[in-house]
$ cat query_30.pdb   # PDB, C-alpha atoms
ATOM      1  CA  MET A   1       5.068   4.179  11.364
ATOM      2  CA  ARG A   2       3.595   7.446  10.243
ATOM      3  CA  GLY A   3       1.538   5.847   7.459
ATOM      4  CA  PHE A   4      -0.589   3.643   9.727
ATOM      5  CA  GLU A   5      -1.459   5.846  12.698
ATOM      6  CA  GLY A   6      -4.853   5.124  14.170
ATOM      7  CA  VAL A   7      -5.369   1.864  12.276
ATOM      8  CA  LEU A   8      -6.233  -1.186  14.322
ATOM      9  CA  PRO A   9      -3.866  -4.058  13.466
ATOM     10  CA  LEU A  10      -6.707  -6.523  12.786
ATOM     11  CA  ARG A  11      -8.515  -4.145  10.396
ATOM     12  CA  MET A  12      -5.232  -3.438   8.650
ATOM     13  CA  PHE A  13      -4.431  -7.143   8.359
ATOM     14  CA  LEU A  14      -7.877  -7.949   6.975
ATOM     15  CA  GLY A  15      -7.551  -5.010   4.578
ATOM     16  CA  LEU A  16      -4.576  -6.722   2.960
ATOM     17  CA  PHE A  17      -6.886  -9.459   1.642
ATOM     18  CA  SER A  18     -10.176  -7.657   1.043
ATOM     19  CA  PRO A  19     -11.484  -4.098   0.663
ATOM     20  CA  TYR A  20     -10.611  -1.973   3.692
ATOM     21  CA  GLN A  21     -13.365  -0.942   6.111
ATOM     22  CA  ALA A  22     -12.730   2.613   7.394
ATOM     23  CA  THR A  23     -13.994   4.020  10.662
ATOM     24  CA  LYS A  24     -16.765   6.634  10.656
ATOM     25  CA  SER A  25     -14.337   9.486  11.390
ATOM     26  CA  GLU A  26     -11.996   8.318   8.621
ATOM     27  CA  LYS A  27     -14.915   8.248   6.173
ATOM     28  CA  ILE A  28     -16.049  11.771   7.090
ATOM     29  CA  LYS A  29     -12.536  13.160   6.734
ATOM     30  CA  MET A  30     -11.911  11.393   3.415
ATOM     31  CA  GLU A  31     -15.281  12.431   1.968
ATOM     32  CA  ALA A  32     -14.619  16.081   2.842
ATOM     33  CA  GLN A  33     -11.173  15.850   1.259
ATOM     34  CA  CYS A  34     -12.658  14.246  -1.846
ATOM     35  CA  ASN A  35     -15.307  16.963  -2.155
ATOM     36  CA  VAL A  36     -12.604  19.637  -2.135
ATOM     37  CA  LEU A  37     -10.166  17.848  -4.452
ATOM     38  CA  SER A  38     -12.788  16.773  -6.984
ATOM     39  CA  ILE A  39     -13.827  20.344  -7.807
ATOM     40  CA  GLY A  40     -13.267  20.878 -11.509
ATOM     41  CA  THR A  41     -12.793  17.155 -12.170
ATOM     42  CA  SER A  42     -14.884  15.590 -14.897
ATOM     43  CA  GLY A  43     -17.235  13.060 -13.371
ATOM     44  CA  GLY A  44     -17.298  14.808  -9.986
ATOM     45  CA  ASN A  45     -16.524  12.750  -6.920
ATOM     46  CA  GLU A  46     -16.879   9.417  -8.714
ATOM     47  CA  GLY A  47     -14.500  10.521 -11.469
ATOM     48  CA  TYR A  48     -12.023  11.763  -8.899
ATOM     49  CA  ILE A  49     -12.133   8.494  -6.934
ATOM     50  CA  SER A  50     -11.700   6.400 -10.085
ATOM     51  CA  GLY A  51      -8.729   8.498 -11.130
ATOM     52  CA  GLU A  52      -7.148   8.309  -7.684
ATOM     53  CA  LEU A  53      -7.553   4.537  -7.529
ATOM     54  CA  LEU A  54      -5.842   4.249 -10.911
ATOM     55  CA  ARG A  55      -3.117   6.631  -9.725
ATOM     56  CA  THR A  56      -2.440   4.497  -6.656
ATOM     57  CA  GLU A  57      -2.201   1.400  -8.840
ATOM     58  CA  ALA A  58       0.310   3.140 -11.111
ATOM     59  CA  GLN A  59       2.324   4.429  -8.157
ATOM     60  CA  ALA A  60       2.376   0.947  -6.622
ATOM     61  CA  ALA A  61       3.590  -0.479  -9.936
ATOM     62  CA  SER A  62       6.496   1.954 -10.142
ATOM     63  CA  ILE A  63       7.450   1.301  -6.513
ATOM     64  CA  LEU A  64       7.179  -2.436  -7.159
ATOM     65  CA  SER A  65       9.676  -2.206 -10.018
ATOM     66  CA  HIS A  66      12.215  -0.575  -7.673
ATOM     67  CA  VAL A  67      11.484  -3.126  -4.938
ATOM     68  CA  SER A  68      11.932  -5.981  -7.427
ATOM     69  CA  LEU A  69      15.331  -4.664  -8.467
ATOM     70  CA  MET A  70      16.362  -4.315  -4.842
ATOM     71  CA  ILE A  71      15.224  -7.885  -4.123
ATOM     72  CA  GLY A  72      17.468  -9.045  -6.960
ATOM     73  CA  VAL A  73      20.458  -7.018  -5.773
ATOM     74  CA  THR A  74      20.013  -8.112  -2.172
ATOM     75  CA  GLY A  75      19.585 -11.733  -3.236
ATOM     76  CA  VAL A  76      22.816 -11.647  -5.259
ATOM     77  CA  PHE A  77      24.765 -10.169  -2.367
ATOM     78  CA  TYR A  78      23.200 -12.667   0.019
ATOM     79  CA  ALA A  79      24.139 -15.559  -2.299
ATOM     80  CA  ILE A  80      27.781 -14.412  -2.507
ATOM     81  CA  ARG A  81      28.005 -15.121   1.237
ATOM     82  CA  PRO A  82      30.622 -12.737   2.570
ATOM     83  CA  GLY A  83      32.492 -14.086   5.605
ATOM     84  CA  SER A  84      30.796 -12.053   8.335
ATOM     85  CA  GLY A  85      27.650 -13.422   9.959
ATOM     86  CA  ILE A  86      26.515  -9.879  10.798
ATOM     87  CA  ILE A  87      26.655  -8.754   7.180
ATOM     88  CA  GLN A  88      24.947 -11.960   6.041
ATOM     89  CA  CYS A  89      22.193 -11.373   8.623
ATOM     90  CA  ALA A  90      21.805  -7.746   7.449
ATOM     91  CA  PHE A  91      21.336  -8.909   3.846
ATOM     92  CA  ALA A  92      18.753 -11.496   4.976
ATOM     93  CA  ILE A  93      16.778  -8.907   6.976
ATOM     94  CA  GLU A  94      16.863  -6.457   4.073
ATOM     95  CA  LEU A  95      15.715  -9.171   1.682
ATOM     96  CA  LEU A  96      12.757  -9.993   3.939
ATOM     97  CA  GLY A  97      11.947  -6.277   4.229
ATOM     98  CA  TYR A  98      11.879  -5.855   0.463
ATOM     99  CA  LEU A  99       9.679  -8.941   0.090
ATOM    100  CA  GLY A 100       7.216  -7.442   2.577
ATOM    101  CA  LEU A 101       7.167  -4.153   0.661
ATOM    102  CA  ALA A 102       6.511  -6.080  -2.553
ATOM    103  CA  LEU A 103       3.420  -7.589  -0.917
ATOM    104  CA  PHE A 104       2.191  -4.115   0.069
ATOM    105  CA  CYS A 105       2.637  -2.910  -3.525
ATOM    106  CA  LEU A 106       0.768  -5.911  -4.857
ATOM    107  CA  ARG A 107      -2.086  -5.185  -2.423
ATOM    108  CA  CYS A 108      -2.388  -1.685  -3.851
ATOM    109  CA  GLN A 109      -2.889  -3.221  -7.278
ATOM    110  CA  LEU A 110      -5.638  -5.537  -6.065
ATOM    111  CA  ARG A 111      -8.829  -5.073  -8.082
ATOM    112  CA  VAL A 112     -11.565  -4.594  -5.522
ATOM    113  CA  GLY A 113     -14.281  -2.975  -7.643
ATOM    114  CA  GLN A 114     -16.522  -6.047  -7.776
ATOM    115  CA  ALA A 115     -16.222  -6.623  -4.027
ATOM    116  CA  LEU A 116     -17.073  -2.962  -3.376
ATOM    117  CA  LEU A 117     -20.068  -3.134  -5.701
ATOM    118  CA  THR A 118     -21.297  -6.319  -4.002
ATOM    119  CA  ARG A 119     -20.962  -4.610  -0.623
ATOM    120  CA  ALA A 120     -22.833  -1.552  -1.948
ATOM    121  CA  TYR A 121     -25.733  -3.793  -3.090
ATOM    122  CA  ALA A 122     -25.775  -5.536   0.290
ATOM    123  CA  LEU A 123     -25.849  -2.242   2.200
ATOM    124  CA  THR A 124     -28.722  -0.803   0.140
ATOM    125  CA  LYS A 125     -32.288  -1.829   0.878
ATOM    126  CA  PRO A 126     -33.793  -3.809  -2.032
ATOM    127  CA  ASP A 127     -37.061  -1.860  -1.998
ATOM    128  CA  ALA A 128     -35.519   1.612  -1.634
ATOM    129  CA  VAL A 129     -36.790   4.340  -3.952
ATOM    130  CA  GLY A 130     -33.961   5.472  -6.224
ATOM    131  CA  ARG A 131     -31.950   2.371  -5.381
ATOM    132  CA  SER A 132     -29.454   2.864  -8.207
ATOM    133  CA  ASN A 133     -28.539   6.320  -6.865
ATOM    134  CA  ALA A 134     -28.242   4.874  -3.366
ATOM    135  CA  ILE A 135     -25.995   2.085  -4.658
ATOM    136  CA  SER A 136     -23.856   4.658  -6.477
ATOM    137  CA  ARG A 137     -23.465   6.745  -3.302
ATOM    138  CA  THR A 138     -22.661   3.639  -1.234
ATOM    139  CA  PHE A 139     -20.126   2.487  -3.838
ATOM    140  CA  PHE A 140     -18.537   5.954  -3.684
ATOM    141  CA  ARG A 141     -18.248   5.798   0.126
ATOM    142  CA  GLU A 142     -16.832   2.262   0.013
ATOM    143  CA  SER A 143     -14.324   3.357  -2.641
ATOM    144  CA  LEU A 144     -13.186   6.127  -0.310
ATOM    145  CA  ASP A 145     -12.307   3.444   2.252
ATOM    146  CA  GLU A 146     -10.160   1.658  -0.302
ATOM    147  CA  LEU A 147      -8.478   4.877  -1.410
ATOM    148  CA  LEU A 148      -7.684   5.771   2.193
ATOM    149  CA  PHE A 149      -6.113   2.358   2.818
ATOM    150  CA  ARG A 150      -4.052   2.415  -0.374
ATOM    151  CA  ASP A 151      -2.811   5.895   0.442
ATOM    152  CA  ARG A 152      -1.672   4.728   3.875
ATOM    153  CA  ILE A 153       0.024   1.640   2.462
ATOM    154  CA  LEU A 154       1.867   3.675  -0.176
ATOM    155  CA  ARG A 155       3.007   6.342   2.301
ATOM    156  CA  PHE A 156       4.377   3.652   4.596
ATOM    157  CA  THR A 157       5.961   1.763   1.680
ATOM    158  CA  VAL A 158       7.796   4.822   0.336
ATOM    159  CA  TYR A 159       9.156   5.666   3.780
ATOM    160  CA  ALA A 160      10.197   2.054   4.501
ATOM    161  CA  LEU A 161      11.701   1.715   1.016
ATOM    162  CA  TYR A 162      13.878   4.754   1.630
ATOM    163  CA  VAL A 163      15.110   3.362   4.964
ATOM    164  CA  LEU A 164      15.750  -0.113   3.518
ATOM    165  CA  THR A 165      17.623   1.270   0.514
ATOM    166  CA  VAL A 166      19.896   3.367   2.736
ATOM    167  CA  ALA A 167      20.478   0.293   4.931
ATOM    168  CA  LEU A 168      21.309  -1.810   1.873
ATOM    169  CA  ILE A 169      23.798   0.791   0.615
ATOM    170  CA  LEU A 170      25.510   0.849   4.005
ATOM    171  CA  THR A 171      25.561  -2.959   4.170
ATOM    172  CA  VAL A 172      27.107  -3.222   0.693
ATOM    173  CA  ILE A 173      29.757  -0.637   1.617
ATOM    174  CA  ALA A 174      30.530  -2.541   4.816
ATOM    175  CA  ALA A 175      30.726  -5.843   2.935
ATOM    176  CA  LEU A 176      33.031  -4.361   0.280
ATOM    177  CA  ALA A 177      35.252  -2.725   2.883
ATOM    178  CA  HIS A 178      35.655  -5.802   5.078
ATOM    179  CA  PHE A 179      35.630  -8.550   2.468
ATOM    180  CA  PRO A 180      36.825  -7.133  -0.890
ATOM    181  CA  SER A 181      38.132 -10.512  -2.064
ATOM    182  CA  ASP A 182      34.651 -12.075  -1.781
ATOM    183  CA  PHE A 183      33.302  -9.665  -4.418
ATOM    184  CA  SER A 184      36.067  -9.843  -7.023
TER     185      SER A 184
END
$ encode --input "query_30.pdb" --output "C-alpha cells"
Amino acid sequence: MRGFEGVLPLRMFLGLFSPYQATKSEKIKMEAQCNVLSIGTSGGNEGYISGELLRTEAQAASILSHVSLMIGVTGVFYAIRPGSGIIQCAFAIELLGYLGLALFCLRCQLRVGQALLTRAYALTKPDAVGRSNAISRTFFRESLDELLFRDRILRFTVYALYVLTVALILTVIAALAHFPSDFS
C-alpha cells in the first residue's frame, strides 16, 4: 500500500468522512512542496491549492467513470454464474474491490471547503489583530491537509485499479476458457 504509508488507520478512516487532519511533519513537507510548485501561479499558494483541489476532483471523476464501467462488467459476469465456485468467488471479490474504489473516488469529490473554513475560524483567536489574514493562512494550511489526503487516496486508487483490472481480465479469460457454453 504505497499510497498510505505513515497514515494511522483511525485518522485515515475519519478522513473518509470529514476533512483530513495531517501530522505536523506532513504539513511542513506539503507546505514546502506547495511553496515550490506555486511559483509563477496566479493567486500564489492559495491559487495553487484551489487549482490542485479541483484537479483532484476531476481526476477522481475520470477514475470513477472507469470504476463504474468495471462494476457493470463484473456484475454482468457475476450474474451469468459460470459453473466454477472459484471463478464466481473471484468475480464477487473483484466486484467488492471496485465498489470500495468507487467510495474512495467519491471521497475525493467531497466538498470540504465550508468545513475547512469553519475549522480555520475556530483555530483563530477572535480578538487577533489581522484576523482575516490569520484565517486565510489557517484555511491554506487546512487545505494542504485535504490535498495531501486526496493525493494519497488517488495514488492508492490508481494502483489498486490497475491490479483489479488485470485480475478481472484474467478471471474473464479463465471463465471463457473453462465454461465457453455459459457465455454464448
$ atom_distance --input "query_30.pdb" --atom1 "atom CA of Arg150 of chain A" --atom2 "atom CA of Cys108 of chain A"
5.6 Å
$ resolve_selection --input "query_30.pdb" --expression "the PyMOL selection byres ((chain A and resi 141) around 10)" --output "PDB file with C-alpha atoms, in the coordinates of the input"
ATOM      1  CA  ALA A  22     -12.730   2.613   7.394  1.00  0.00           C
ATOM      2  CA  LYS A  27     -14.915   8.248   6.173  1.00  0.00           C
ATOM      3  CA  ILE A  28     -16.049  11.771   7.090  1.00  0.00           C
ATOM      4  CA  MET A  30     -11.911  11.393   3.415  1.00  0.00           C
ATOM      5  CA  GLU A  31     -15.281  12.431   1.968  1.00  0.00           C
ATOM      6  CA  GLU A  46     -16.879   9.417  -8.714  1.00  0.00           C
ATOM      7  CA  ILE A  49     -12.133   8.494  -6.934  1.00  0.00           C
ATOM      8  CA  LEU A 116     -17.073  -2.962  -3.376  1.00  0.00           C
ATOM      9  CA  ALA A 120     -22.833  -1.552  -1.948  1.00  0.00           C
ATOM     10  CA  ILE A 135     -25.995   2.085  -4.658  1.00  0.00           C
ATOM     11  CA  SER A 136     -23.856   4.658  -6.477  1.00  0.00           C
ATOM     12  CA  ARG A 137     -23.465   6.745  -3.302  1.00  0.00           C
ATOM     13  CA  THR A 138     -22.661   3.639  -1.234  1.00  0.00           C
ATOM     14  CA  PHE A 139     -20.126   2.487  -3.838  1.00  0.00           C
ATOM     15  CA  PHE A 140     -18.537   5.954  -3.684  1.00  0.00           C
ATOM     16  CA  GLU A 142     -16.832   2.262   0.013  1.00  0.00           C
ATOM     17  CA  SER A 143     -14.324   3.357  -2.641  1.00  0.00           C
ATOM     18  CA  LEU A 144     -13.186   6.127  -0.310  1.00  0.00           C
ATOM     19  CA  ASP A 145     -12.307   3.444   2.252  1.00  0.00           C
ATOM     20  CA  GLU A 146     -10.160   1.658  -0.302  1.00  0.00           C
ATOM     21  CA  LEU A 147      -8.478   4.877  -1.410  1.00  0.00           C
TER      22      LEU A 147
END
$ closest_residue --input "query_30.pdb" --among "A:Leu54, A:Leu101, A:Cys89, A:Leu16" --to "Val158 of chain A" --atoms "only C-alpha atoms"
A:Leu101
$ closest_residue --input "query_30.pdb" --among "A:Gln21, A:Gln59, A:Ser68, A:Thr171" --to "Ile87 of chain A" --atoms "only C-alpha atoms"
A:Thr171
$ resolve_selection --input "query_30.pdb" --expression "the PyMOL selection byres ((chain A and resi 100) around 12)" --output "number ranges by chain"
A: 16, 64, 67-68, 71, 93-99, 101-107, 153, 156-157, 160-161, 164
$ residues_around --input "query_30.pdb" --residues "segment 166-169 of chain A" --least-positions-apart "4" --cutoff "9 Å" --atoms "all atoms listed in the file" --output "list in words"
Met70, Thr74, Ala90, Phe91, Glu94, Leu161, Tyr162, Ile173 and Ala174 of chain A
$ closest_residue --input "query_30.pdb" --among "A:Ile86, A:Leu110, A:Cys34, A:Ala175" --to "Tyr20 of chain A" --atoms "only C-alpha atoms"
A:Leu110
$ atom_distance --input "query_30.pdb" --atom1 "atom CA of Ala61 of chain A" --atom2 "atom CA of Ala32 of chain A"
27.7 Å
$ axis_aligned_box --input "query_30.pdb" --around "segment 71-86 of chain A" --padding-each-side "4 Å" --output "AutoDock Vina command-line options"
--center_x 23.9 --center_y -11.3 --center_z 1.9 --size_x 25.3 --size_y 16.5 --size_z 25.8
$ atom_distance --input "query_30.pdb" --atom1 "atom CA of Ile80 of chain A" --atom2 "atom CA of Val163 of chain A"
23.1 Å
$ build_atoms --input "query_30.pdb" --residues "segment 147-170 of chain A" --atoms "N, CA, C and O atoms" --output "PDB file, in the coordinates of the input"
ATOM      1  N   LEU A 147      -9.450   3.839  -1.079  1.00  0.00           N
ATOM      2  CA  LEU A 147      -8.478   4.877  -1.410  1.00  0.00           C
ATOM      3  C   LEU A 147      -7.681   5.289  -0.180  1.00  0.00           C
ATOM      4  O   LEU A 147      -6.466   5.455  -0.244  1.00  0.00           O
ATOM      5  N   LEU A 148      -8.350   5.428   0.938  1.00  0.00           N
ATOM      6  CA  LEU A 148      -7.684   5.771   2.193  1.00  0.00           C
ATOM      7  C   LEU A 148      -6.652   4.710   2.563  1.00  0.00           C
ATOM      8  O   LEU A 148      -5.515   5.031   2.916  1.00  0.00           O
ATOM      9  N   PHE A 149      -7.026   3.447   2.452  1.00  0.00           N
ATOM     10  CA  PHE A 149      -6.113   2.358   2.818  1.00  0.00           C
ATOM     11  C   PHE A 149      -4.915   2.301   1.878  1.00  0.00           C
ATOM     12  O   PHE A 149      -3.778   2.159   2.319  1.00  0.00           O
ATOM     13  N   ARG A 150      -5.166   2.439   0.585  1.00  0.00           N
ATOM     14  CA  ARG A 150      -4.052   2.415  -0.374  1.00  0.00           C
ATOM     15  C   ARG A 150      -3.097   3.579  -0.136  1.00  0.00           C
ATOM     16  O   ARG A 150      -1.885   3.416  -0.225  1.00  0.00           O
ATOM     17  N   ASP A 151      -3.659   4.735   0.169  1.00  0.00           N
ATOM     18  CA  ASP A 151      -2.811   5.895   0.442  1.00  0.00           C
ATOM     19  C   ASP A 151      -1.921   5.630   1.646  1.00  0.00           C
ATOM     20  O   ASP A 151      -0.736   5.935   1.625  1.00  0.00           O
ATOM     21  N   ARG A 152      -2.467   5.049   2.681  1.00  0.00           N
ATOM     22  CA  ARG A 152      -1.672   4.728   3.875  1.00  0.00           C
ATOM     23  C   ARG A 152      -0.598   3.698   3.561  1.00  0.00           C
ATOM     24  O   ARG A 152       0.537   3.820   4.011  1.00  0.00           O
ATOM     25  N   ILE A 153      -0.958   2.662   2.824  1.00  0.00           N
ATOM     26  CA  ILE A 153       0.024   1.640   2.462  1.00  0.00           C
ATOM     27  C   ILE A 153       1.167   2.260   1.664  1.00  0.00           C
ATOM     28  O   ILE A 153       2.347   1.998   1.930  1.00  0.00           O
ATOM     29  N   LEU A 154       0.826   3.089   0.675  1.00  0.00           N
ATOM     30  CA  LEU A 154       1.867   3.675  -0.176  1.00  0.00           C
ATOM     31  C   LEU A 154       2.753   4.649   0.591  1.00  0.00           C
ATOM     32  O   LEU A 154       3.972   4.674   0.381  1.00  0.00           O
ATOM     33  N   ARG A 155       2.175   5.442   1.499  1.00  0.00           N
ATOM     34  CA  ARG A 155       3.007   6.342   2.301  1.00  0.00           C
ATOM     35  C   ARG A 155       3.987   5.551   3.159  1.00  0.00           C
ATOM     36  O   ARG A 155       5.163   5.889   3.239  1.00  0.00           O
ATOM     37  N   PHE A 156       3.505   4.492   3.789  1.00  0.00           N
ATOM     38  CA  PHE A 156       4.377   3.652   4.596  1.00  0.00           C
ATOM     39  C   PHE A 156       5.449   2.985   3.726  1.00  0.00           C
ATOM     40  O   PHE A 156       6.622   2.934   4.091  1.00  0.00           O
ATOM     41  N   THR A 157       5.038   2.475   2.559  1.00  0.00           N
ATOM     42  CA  THR A 157       5.961   1.763   1.680  1.00  0.00           C
ATOM     43  C   THR A 157       7.084   2.666   1.192  1.00  0.00           C
ATOM     44  O   THR A 157       8.251   2.257   1.183  1.00  0.00           O
ATOM     45  N   VAL A 158       6.765   3.897   0.810  1.00  0.00           N
ATOM     46  CA  VAL A 158       7.796   4.822   0.336  1.00  0.00           C
ATOM     47  C   VAL A 158       8.792   5.129   1.453  1.00  0.00           C
ATOM     48  O   VAL A 158      10.013   5.125   1.239  1.00  0.00           O
ATOM     49  N   TYR A 159       8.282   5.377   2.641  1.00  0.00           N
ATOM     50  CA  TYR A 159       9.156   5.666   3.780  1.00  0.00           C
ATOM     51  C   TYR A 159      10.042   4.452   4.107  1.00  0.00           C
ATOM     52  O   TYR A 159      11.255   4.584   4.260  1.00  0.00           O
ATOM     53  N   ALA A 160       9.438   3.266   4.188  1.00  0.00           N
ATOM     54  CA  ALA A 160      10.197   2.054   4.501  1.00  0.00           C
ATOM     55  C   ALA A 160      11.187   1.720   3.390  1.00  0.00           C
ATOM     56  O   ALA A 160      12.304   1.257   3.659  1.00  0.00           O
ATOM     57  N   LEU A 161      10.812   1.966   2.144  1.00  0.00           N
ATOM     58  CA  LEU A 161      11.701   1.715   1.016  1.00  0.00           C
ATOM     59  C   LEU A 161      12.942   2.594   1.095  1.00  0.00           C
ATOM     60  O   LEU A 161      14.062   2.141   0.839  1.00  0.00           O
ATOM     61  N   TYR A 162      12.747   3.834   1.471  1.00  0.00           N
ATOM     62  CA  TYR A 162      13.878   4.754   1.630  1.00  0.00           C
ATOM     63  C   TYR A 162      14.833   4.233   2.711  1.00  0.00           C
ATOM     64  O   TYR A 162      16.043   4.151   2.500  1.00  0.00           O
ATOM     65  N   VAL A 163      14.286   3.856   3.856  1.00  0.00           N
ATOM     66  CA  VAL A 163      15.110   3.362   4.964  1.00  0.00           C
ATOM     67  C   VAL A 163      15.839   2.076   4.568  1.00  0.00           C
ATOM     68  O   VAL A 163      17.045   1.932   4.812  1.00  0.00           O
ATOM     69  N   LEU A 164      15.123   1.141   3.930  1.00  0.00           N
ATOM     70  CA  LEU A 164      15.750  -0.113   3.518  1.00  0.00           C
ATOM     71  C   LEU A 164      16.839   0.099   2.472  1.00  0.00           C
ATOM     72  O   LEU A 164      17.872  -0.577   2.500  1.00  0.00           O
ATOM     73  N   THR A 165      16.626   1.014   1.546  1.00  0.00           N
ATOM     74  CA  THR A 165      17.623   1.270   0.514  1.00  0.00           C
ATOM     75  C   THR A 165      18.883   1.879   1.114  1.00  0.00           C
ATOM     76  O   THR A 165      20.001   1.484   0.758  1.00  0.00           O
ATOM     77  N   VAL A 166      18.728   2.803   2.038  1.00  0.00           N
ATOM     78  CA  VAL A 166      19.896   3.367   2.736  1.00  0.00           C
ATOM     79  C   VAL A 166      20.620   2.264   3.499  1.00  0.00           C
ATOM     80  O   VAL A 166      21.852   2.169   3.465  1.00  0.00           O
ATOM     81  N   ALA A 167      19.869   1.402   4.189  1.00  0.00           N
ATOM     82  CA  ALA A 167      20.478   0.293   4.931  1.00  0.00           C
ATOM     83  C   ALA A 167      21.221  -0.651   3.998  1.00  0.00           C
ATOM     84  O   ALA A 167      22.335  -1.111   4.315  1.00  0.00           O
ATOM     85  N   LEU A 168      20.647  -0.930   2.833  1.00  0.00           N
ATOM     86  CA  LEU A 168      21.309  -1.810   1.873  1.00  0.00           C
ATOM     87  C   LEU A 168      22.605  -1.181   1.367  1.00  0.00           C
ATOM     88  O   LEU A 168      23.634  -1.861   1.246  1.00  0.00           O
ATOM     89  N   ILE A 169      22.583   0.106   1.077  1.00  0.00           N
ATOM     90  CA  ILE A 169      23.798   0.791   0.615  1.00  0.00           C
ATOM     91  C   ILE A 169      24.897   0.683   1.675  1.00  0.00           C
ATOM     92  O   ILE A 169      26.048   0.363   1.369  1.00  0.00           O
ATOM     93  N   LEU A 170      24.529   0.935   2.926  1.00  0.00           N
ATOM     94  CA  LEU A 170      25.510   0.849   4.005  1.00  0.00           C
ATOM     95  C   LEU A 170      26.014  -0.580   4.191  1.00  0.00           C
ATOM     96  O   LEU A 170      27.208  -0.795   4.442  1.00  0.00           O
TER      97      LEU A 170
END
